file start_16.cif (mmCIF, C-alpha atoms)
data_data
loop_
_atom_site.group_PDB
_atom_site.id
_atom_site.type_symbol
_atom_site.label_atom_id
_atom_site.label_comp_id
_atom_site.auth_asym_id
_atom_site.auth_seq_id
_atom_site.Cartn_x
_atom_site.Cartn_y
_atom_site.Cartn_z
ATOM 1 C CA MET A 1 9.185 -114.948 89.273
ATOM 2 C CA ASN A 2 6.362 -116.175 87.060
ATOM 3 C CA ILE A 3 5.923 -115.535 83.350
ATOM 4 C CA TYR A 4 2.347 -115.725 82.104
ATOM 5 C CA VAL A 5 1.193 -116.474 78.560
ATOM 6 C CA ASN A 6 -2.441 -116.433 77.445
ATOM 7 C CA SER A 7 -4.404 -117.265 74.320
ATOM 8 C CA SER A 8 -4.496 -113.567 73.380
ATOM 9 C CA ALA A 9 -0.785 -113.986 72.550
ATOM 10 C CA MET A 10 0.391 -111.767 75.382
ATOM 11 C CA LEU A 11 3.317 -112.600 77.652
ATOM 12 C CA THR A 12 3.528 -110.814 81.008
ATOM 13 C CA TRP A 13 5.891 -110.679 83.973
ATOM 14 C CA THR A 14 6.942 -108.385 86.790
ATOM 15 C CA ASP A 15 10.674 -107.761 86.959
ATOM 16 C CA ILE A 16 12.853 -107.617 90.080
ATOM 17 C CA LEU A 17 12.234 -103.856 90.397
ATOM 18 C CA GLY A 18 8.473 -104.418 90.410
ATOM 19 C CA THR A 19 7.907 -103.138 86.875
ATOM 20 C CA TYR A 20 5.084 -104.908 85.055
ATOM 21 C CA HIS A 21 5.796 -105.949 81.453
ATOM 22 C CA SER A 22 3.238 -107.021 78.868
ATOM 23 C CA VAL A 23 4.460 -107.866 75.367
ATOM 24 C CA PRO A 24 2.975 -109.598 72.332
ATOM 25 C CA CYS A 25 4.221 -113.054 71.445
ATOM 26 C CA ALA A 26 3.738 -115.694 68.781
ATOM 27 C CA LEU A 27 2.140 -119.003 69.741
ATOM 28 C CA GLY A 28 1.724 -122.344 68.042
ATOM 29 C CA TYR A 29 -0.448 -122.363 64.921
ATOM 30 C CA SER A 30 -3.040 -124.495 66.786
ATOM 31 C CA GLY A 31 -3.156 -122.138 69.792
ATOM 32 C CA ILE A 32 -2.855 -123.010 73.490
ATOM 33 C CA ALA A 33 -4.288 -126.367 74.574
ATOM 34 C CA ILE A 34 -3.346 -129.667 76.145
ATOM 35 C CA LYS A 35 -0.595 -130.926 73.866
ATOM 36 C CA LYS A 36 -1.263 -134.463 72.758
ATOM 37 C CA ASN A 37 0.977 -135.223 69.792
ATOM 38 C CA GLU A 38 4.287 -134.413 68.166
ATOM 39 C CA GLY A 39 3.695 -131.922 65.368
ATOM 40 C CA ASP A 40 0.216 -130.777 66.452
ATOM 41 C CA GLY A 41 1.199 -127.088 66.504
ATOM 42 C CA ILE A 42 -0.093 -126.620 70.053
ATOM 43 C CA THR A 43 1.567 -124.438 72.668
ATOM 44 C CA PRO A 44 1.093 -126.617 75.761
ATOM 45 C CA VAL A 45 -0.990 -125.608 78.788
ATOM 46 C CA GLY A 46 0.817 -125.863 82.105
ATOM 47 C CA SER A 47 3.441 -124.546 84.480
ATOM 48 C CA PHE A 48 7.033 -125.191 83.400
ATOM 49 C CA ALA A 49 10.549 -124.472 84.617
ATOM 50 C CA LEU A 50 13.075 -122.798 82.330
ATOM 51 C CA LEU A 51 16.044 -125.136 82.013
ATOM 52 C CA ASN A 52 18.716 -123.072 80.270
ATOM 53 C CA VAL A 53 19.464 -120.584 77.522
ATOM 54 C CA MET A 54 21.236 -121.541 74.302
ATOM 55 C CA VAL A 55 22.856 -118.740 72.295
ATOM 56 C CA ARG A 56 24.340 -118.328 68.815
ATOM 57 C CA ASN A 57 27.266 -116.405 70.294
ATOM 58 C CA ASP A 58 28.696 -115.710 66.844
ATOM 59 C CA ARG A 59 25.648 -113.464 66.230
ATOM 60 C CA GLN A 60 24.391 -112.523 69.670
ATOM 61 C CA ALA A 61 26.114 -111.398 72.869
ATOM 62 C CA LEU A 62 25.449 -113.552 75.904
ATOM 63 C CA PRO A 63 22.296 -112.279 77.594
ATOM 64 C CA ASN A 64 22.106 -110.941 81.122
ATOM 65 C CA THR A 65 20.204 -113.721 82.944
ATOM 66 C CA GLY A 66 20.212 -115.895 86.040
ATOM 67 C CA LEU A 67 19.713 -119.013 83.893
ATOM 68 C CA SER A 68 22.605 -121.182 82.768
ATOM 69 C CA ILE A 69 23.859 -120.377 79.272
ATOM 70 C CA SER A 70 25.444 -122.559 76.608
ATOM 71 C CA ALA A 71 26.614 -121.814 73.081
ATOM 72 C CA ILE A 72 24.876 -123.276 70.031
ATOM 73 C CA SER A 73 27.358 -124.923 67.681
ATOM 74 C CA ARG A 74 27.011 -125.807 64.002
ATOM 75 C CA ASN A 75 26.570 -129.456 65.000
ATOM 76 C CA ASP A 76 23.684 -128.955 67.449
ATOM 77 C CA GLY A 77 20.276 -130.414 66.740
ATOM 78 C CA TRP A 78 17.152 -131.359 68.685
ATOM 79 C CA CYS A 79 15.666 -134.830 68.315
ATOM 80 C CA ASP A 80 11.952 -134.853 67.443
ATOM 81 C CA ASP A 81 11.851 -138.554 66.526
ATOM 82 C CA PRO A 82 9.470 -140.387 68.929
ATOM 83 C CA ALA A 83 11.161 -143.709 68.067
ATOM 84 C CA SER A 84 14.569 -142.464 69.210
ATOM 85 C CA PRO A 85 15.976 -142.846 72.743
ATOM 86 C CA ASP A 86 17.196 -139.239 72.266
ATOM 87 C CA TYR A 87 13.630 -137.923 71.821
ATOM 88 C CA ASN A 88 13.224 -134.313 72.985
ATOM 89 C CA ASN A 89 16.918 -133.835 73.722
ATOM 90 C CA LEU A 90 19.914 -132.047 72.296
ATOM 91 C CA VAL A 91 21.793 -134.193 69.749
ATOM 92 C CA ARG A 92 24.980 -133.805 67.721
ATOM 93 C CA LEU A 93 24.700 -133.592 63.941
ATOM 94 C CA PRO A 94 24.841 -135.449 61.685
ATOM 95 C CA TYR A 95 22.081 -137.468 63.301
ATOM 96 C CA ASN A 96 20.157 -140.367 61.764
ATOM 97 C CA GLY A 97 16.779 -139.755 63.415
ATOM 98 C CA SER A 98 14.355 -136.934 62.716
ATOM 99 C CA HIS A 99 15.660 -133.708 64.216
ATOM 100 C CA GLU A 100 15.616 -129.946 64.068
ATOM 101 C CA LYS A 101 18.795 -127.983 63.359
ATOM 102 C CA LEU A 102 19.535 -125.390 66.066
ATOM 103 C CA TYR A 103 22.216 -123.478 64.142
ATOM 104 C CA ARG A 104 19.876 -121.662 61.767
ATOM 105 C CA ASP A 105 20.378 -118.963 59.167
ATOM 106 C CA ASP A 106 17.091 -117.130 59.852
ATOM 107 C CA GLY A 107 17.928 -115.835 63.369
ATOM 108 C CA LEU A 108 14.921 -117.433 65.073
ATOM 109 C CA TYR A 109 17.213 -119.565 67.214
ATOM 110 C CA ASP A 110 19.848 -116.930 67.945
ATOM 111 C CA ILE A 111 18.558 -117.251 71.537
ATOM 112 C CA ILE A 112 16.614 -120.298 72.716
ATOM 113 C CA VAL A 113 15.155 -120.813 76.178
ATOM 114 C CA ASP A 114 14.673 -124.531 76.838
ATOM 115 C CA VAL A 115 11.264 -125.017 78.472
ATOM 116 C CA ASP A 116 10.786 -128.053 80.717
ATOM 117 C CA TYR A 117 7.914 -129.483 78.657
ATOM 118 C CA ASN A 118 8.087 -133.295 78.276
ATOM 119 C CA ARG A 119 11.801 -133.219 79.102
ATOM 120 C CA THR A 120 12.070 -135.198 82.352
ATOM 121 C CA ALA A 121 11.082 -138.798 81.619
ATOM 122 C CA SER A 122 9.765 -137.682 78.241
ATOM 123 C CA ILE A 123 6.854 -139.529 76.679
ATOM 124 C CA PRO A 124 7.599 -140.366 73.024
ATOM 125 C CA GLY A 125 5.213 -138.568 70.680
ATOM 126 C CA LYS A 126 3.897 -136.144 73.346
ATOM 127 C CA GLY A 127 5.768 -133.189 71.831
ATOM 128 C CA SER A 128 9.312 -131.910 71.672
ATOM 129 C CA ALA A 129 11.385 -128.754 71.258
ATOM 130 C CA ILE A 130 9.097 -126.395 73.157
ATOM 131 C CA PHE A 131 11.205 -123.257 73.434
ATOM 132 C CA ILE A 132 10.981 -119.516 73.884
ATOM 133 C CA HIS A 133 12.828 -118.036 70.911
ATOM 134 C CA VAL A 134 12.995 -115.058 68.548
ATOM 135 C CA ALA A 135 9.789 -114.308 66.624
ATOM 136 C CA GLN A 136 9.354 -114.118 62.882
ATOM 137 C CA PRO A 137 8.161 -110.792 61.455
ATOM 138 C CA ALA A 138 4.544 -109.972 62.344
ATOM 139 C CA TYR A 139 4.595 -112.730 65.011
ATOM 140 C CA GLN A 140 3.863 -115.503 62.562
ATOM 141 C CA PRO A 141 2.693 -118.666 64.378
ATOM 142 C CA THR A 142 5.224 -121.206 65.608
ATOM 143 C CA LYS A 143 5.088 -125.003 65.679
ATOM 144 C CA GLY A 144 4.251 -124.845 69.412
ATOM 145 C CA CYS A 145 6.895 -122.546 70.860
ATOM 146 C CA ILE A 146 6.517 -119.056 72.272
ATOM 147 C CA ALA A 147 8.344 -116.394 70.272
ATOM 148 C CA LEU A 148 9.215 -112.790 71.154
ATOM 149 C CA THR A 149 11.075 -109.959 69.501
ATOM 150 C CA LEU A 150 14.780 -110.150 70.282
ATOM 151 C CA THR A 151 14.484 -106.964 72.372
ATOM 152 C CA ASP A 152 11.613 -108.368 74.466
ATOM 153 C CA LEU A 153 13.350 -111.727 74.887
ATOM 154 C CA LEU A 154 16.525 -110.059 76.150
ATOM 155 C CA GLU A 155 14.488 -107.935 78.576
ATOM 156 C CA LEU A 156 12.599 -110.986 79.864
ATOM 157 C CA LEU A 157 15.808 -112.955 80.417
ATOM 158 C CA LYS A 158 17.121 -110.266 82.792
ATOM 159 C CA SER A 159 14.432 -111.350 85.285
ATOM 160 C CA CYS A 160 14.806 -115.116 84.851
ATOM 161 C CA ASP A 161 16.616 -117.574 87.108
ATOM 162 C CA GLU A 162 16.342 -121.233 88.112
ATOM 163 C CA ASN A 163 13.149 -120.473 90.105
ATOM 164 C CA THR A 164 11.276 -118.857 87.203
ATOM 165 C CA ARG A 165 8.052 -120.571 86.103
ATOM 166 C CA LEU A 166 6.400 -120.241 82.700
ATOM 167 C CA ILE A 167 2.638 -120.472 83.158
ATOM 168 C CA ILE A 168 0.636 -121.012 79.979
ATOM 169 C CA ASN A 169 -3.162 -120.684 80.258
ATOM 170 C CA PRO A 170 -5.762 -120.984 77.500
#

call {"tool": "encode", "arguments": {"input": "start_16.cif", "output": "structure tokens"}}
result
Amino acid sequence: MNIYVNSSAMLTWTDILGTYHSVPCALGYSGIAIKKNEGDGITPVGSFALLNVMVRNDRQALPNTGLSISAISRNDGWCDDPASPDYNNLVRLPYNGSHEKLYRDDGLYDIIVDVDYNRTASIPGKGSAIFIHVAQPAYQPTKGCIALTLTDLLELLKSCDENTRLIINP
């Protein structure tokens, strides 16, 4: 299955029953483009695998999905430090390098889908922590991720497995 995202902030897919879904999403504050730098606010153009789902299972039931699932713990972070050998990877907190905390109070990371952007043989400074996660109210822009309502994210995950591709076009 393919998931499509366009610059009109719409995410679409056809589920296993053949039902077409089209839902609004939040994108990076700099829109969709070729991502060049860490912190540029761009949602990257391309075709990407979905690696796994991370869940705050103290607040959210495990979703129905064909992707692998892991629990987010209080000590989970994501390295966004281009100088670190852990760049663009899960790290344990406390952590000395620049990082993002995954165990958040605001609910945005209650479910995180790890997108295979700059993950295999990552290039330092090319961008990190590109996820699909829960949207803020009114779909406020992200730092480069794609964000959906919790309901839409759970519905999308029902159709996802290790063969799913996320296709982001400007």

call {"tool": "residues_around", "arguments": {"input": "start_16.cif", "residues": "Tyr117 of chain A", "least_positions_apart": "3", "cutoff": "9 Å", "atoms": "only C-alpha atoms", "output": "MDAnalysis selection string"}}
result
chainID A and resid 44 46:49 114 120 122 127:131

call {"tool": "write_last_selection", "arguments": {"input": "start_16.cif", "atoms": "C-alpha atoms", "output": "mmCIF file, in the frame of the given file"}}
result
data_model
loop_
_atom_site.group_PDB
_atom_site.id
_atom_site.type_symbol
_atom_site.label_atom_id
_atom_site.label_comp_id
_atom_site.auth_asym_id
_atom_site.auth_seq_id
_atom_site.Cartn_x
_atom_site.Cartn_y
_atom_site.Cartn_z
ATOM 1 C CA PRO A 44 1.093 -126.617 75.761
ATOM 2 C CA GLY A 46 0.817 -125.863 82.105
ATOM 3 C CA SER A 47 3.441 -124.546 84.480
ATOM 4 C CA PHE A 48 7.033 -125.191 83.400
ATOM 5 C CA ALA A 49 10.549 -124.472 84.617
ATOM 6 C CA ASP A 114 14.673 -124.531 76.838
ATOM 7 C CA THR A 120 12.070 -135.198 82.352
ATOM 8 C CA SER A 122 9.765 -137.682 78.241
ATOM 9 C CA GLY A 127 5.768 -133.189 71.831
ATOM 10 C CA SER A 128 9.312 -131.910 71.672
ATOM 11 C CA ALA A 129 11.385 -128.754 71.258
ATOM 12 C CA ILE A 130 9.097 -126.395 73.157
ATOM 13 C CA PHE A 131 11.205 -123.257 73.434
#

call {"tool": "resolve_selection", "arguments": {"input": "start_16.cif", "expression": "the PyMOL selection byres ((chain A and resi 88) around 8)", "output": "list in words"}}
result
Trp78, Cys79, Asp80, Asp81, Asp86, Tyr87, Asn89, Leu90, Asn118, Arg119, Ser122, Gly127, Ser128 and Ala129 of chain A

call {"tool": "resolve_selection", "arguments": {"input": "start_16.cif", "expression": "the PyMOL selection byres ((chain A and resi 10) around 6)", "output": "PyMOL selection string"}}
result
chain A and resi 5-6+8-9+11+23-25

call {"tool": "closest_residue", "arguments": {"input": "start_16.cif", "among": "A:Val55, A:Pro85, A:Leu50, A:Gln136", "to": "Leu67 of chain A", "atoms": "only C-alpha atoms"}}
result
A:Leu50

call {"tool": "closest_residue", "arguments": {"input": "start_16.cif", "among": "A:Asp15, A:Asp161, A:Gln140, A:Ile42", "to": "Gly28 of chain A", "atoms": "only C-alpha atoms"}}
result
A:Ile42

call {"tool": "residues_near_point", "arguments": {"input": "start_16.cif", "point": "(-2.8, -122.2, 68.2)", "cutoff": "8 Å", "atoms": "only C-alpha atoms", "output": "ChimeraX atom specification"}}
result
/A:27-33,41-43,141,144

call {"tool": "residues_around", "arguments": {"input": "start_16.cif", "residues": "Leu17 of chain A", "least_positions_apart": "4", "cutoff": "12 Å", "atoms": "all atoms listed in the file", "output": "ChimeraX atom specification"}}
result
/A:1,13,21,158-159

call {"tool": "resolve_selection", "arguments": {"input": "start_16.cif", "expression": "the PyMOL selection byres ((chain A and resi 37) around 8)", "output": "PyMOL selection string"}}
result
chain A and resi 35-36+38-40+125-127

call {"tool": "residues_around", "arguments": {"input": "start_16.cif", "residues": "Tyr139 of chain A", "least_positions_apart": "4", "cutoff": "8 Å", "atoms": "all atoms listed in the file", "output": "NGL selection string"}}
result
:A and (25-26 or 135 or 147-148)

call {"tool": "residues_around", "arguments": {"input": "start_16.cif", "residues": "Arg74 of chain A", "least_positions_apart": "5", "cutoff": "12 Å", "atoms": "all atoms listed in the file", "output": "PyMOL selection string"}}
result
chain A and resi 55-58+91-94+101-105

call {"tool": "closest_residue", "arguments": {"input": "start_16.cif", "among": "A:Ser7, A:Thr14, A:Ser84, A:Ser22", "to": "Asp152 of chain A", "atoms": "all atoms listed in the file"}}
result
A:Ser22

call {"tool": "atom_distance", "arguments": {"input": "start_16.cif", "atom1": "atom CA of Ile3 of chain A", "atom2": "atom CA of Thr164 of chain A"}}
result
7.4 Å

call {"tool": "atom_distance", "arguments": {"input": "start_16.cif", "atom1": "atom CA of Pro63 of chain A", "atom2": "atom CA of Val113 of chain A"}}
result
11.2 Å

call {"tool": "closest_residue", "arguments": {"input": "start_16.cif", "among": "A:Thr19, A:Thr65, A:Thr12, A:Asn52", "to": "Cys160 of chain A", "atoms": "all atoms listed in the file"}}
result
A:Thr65
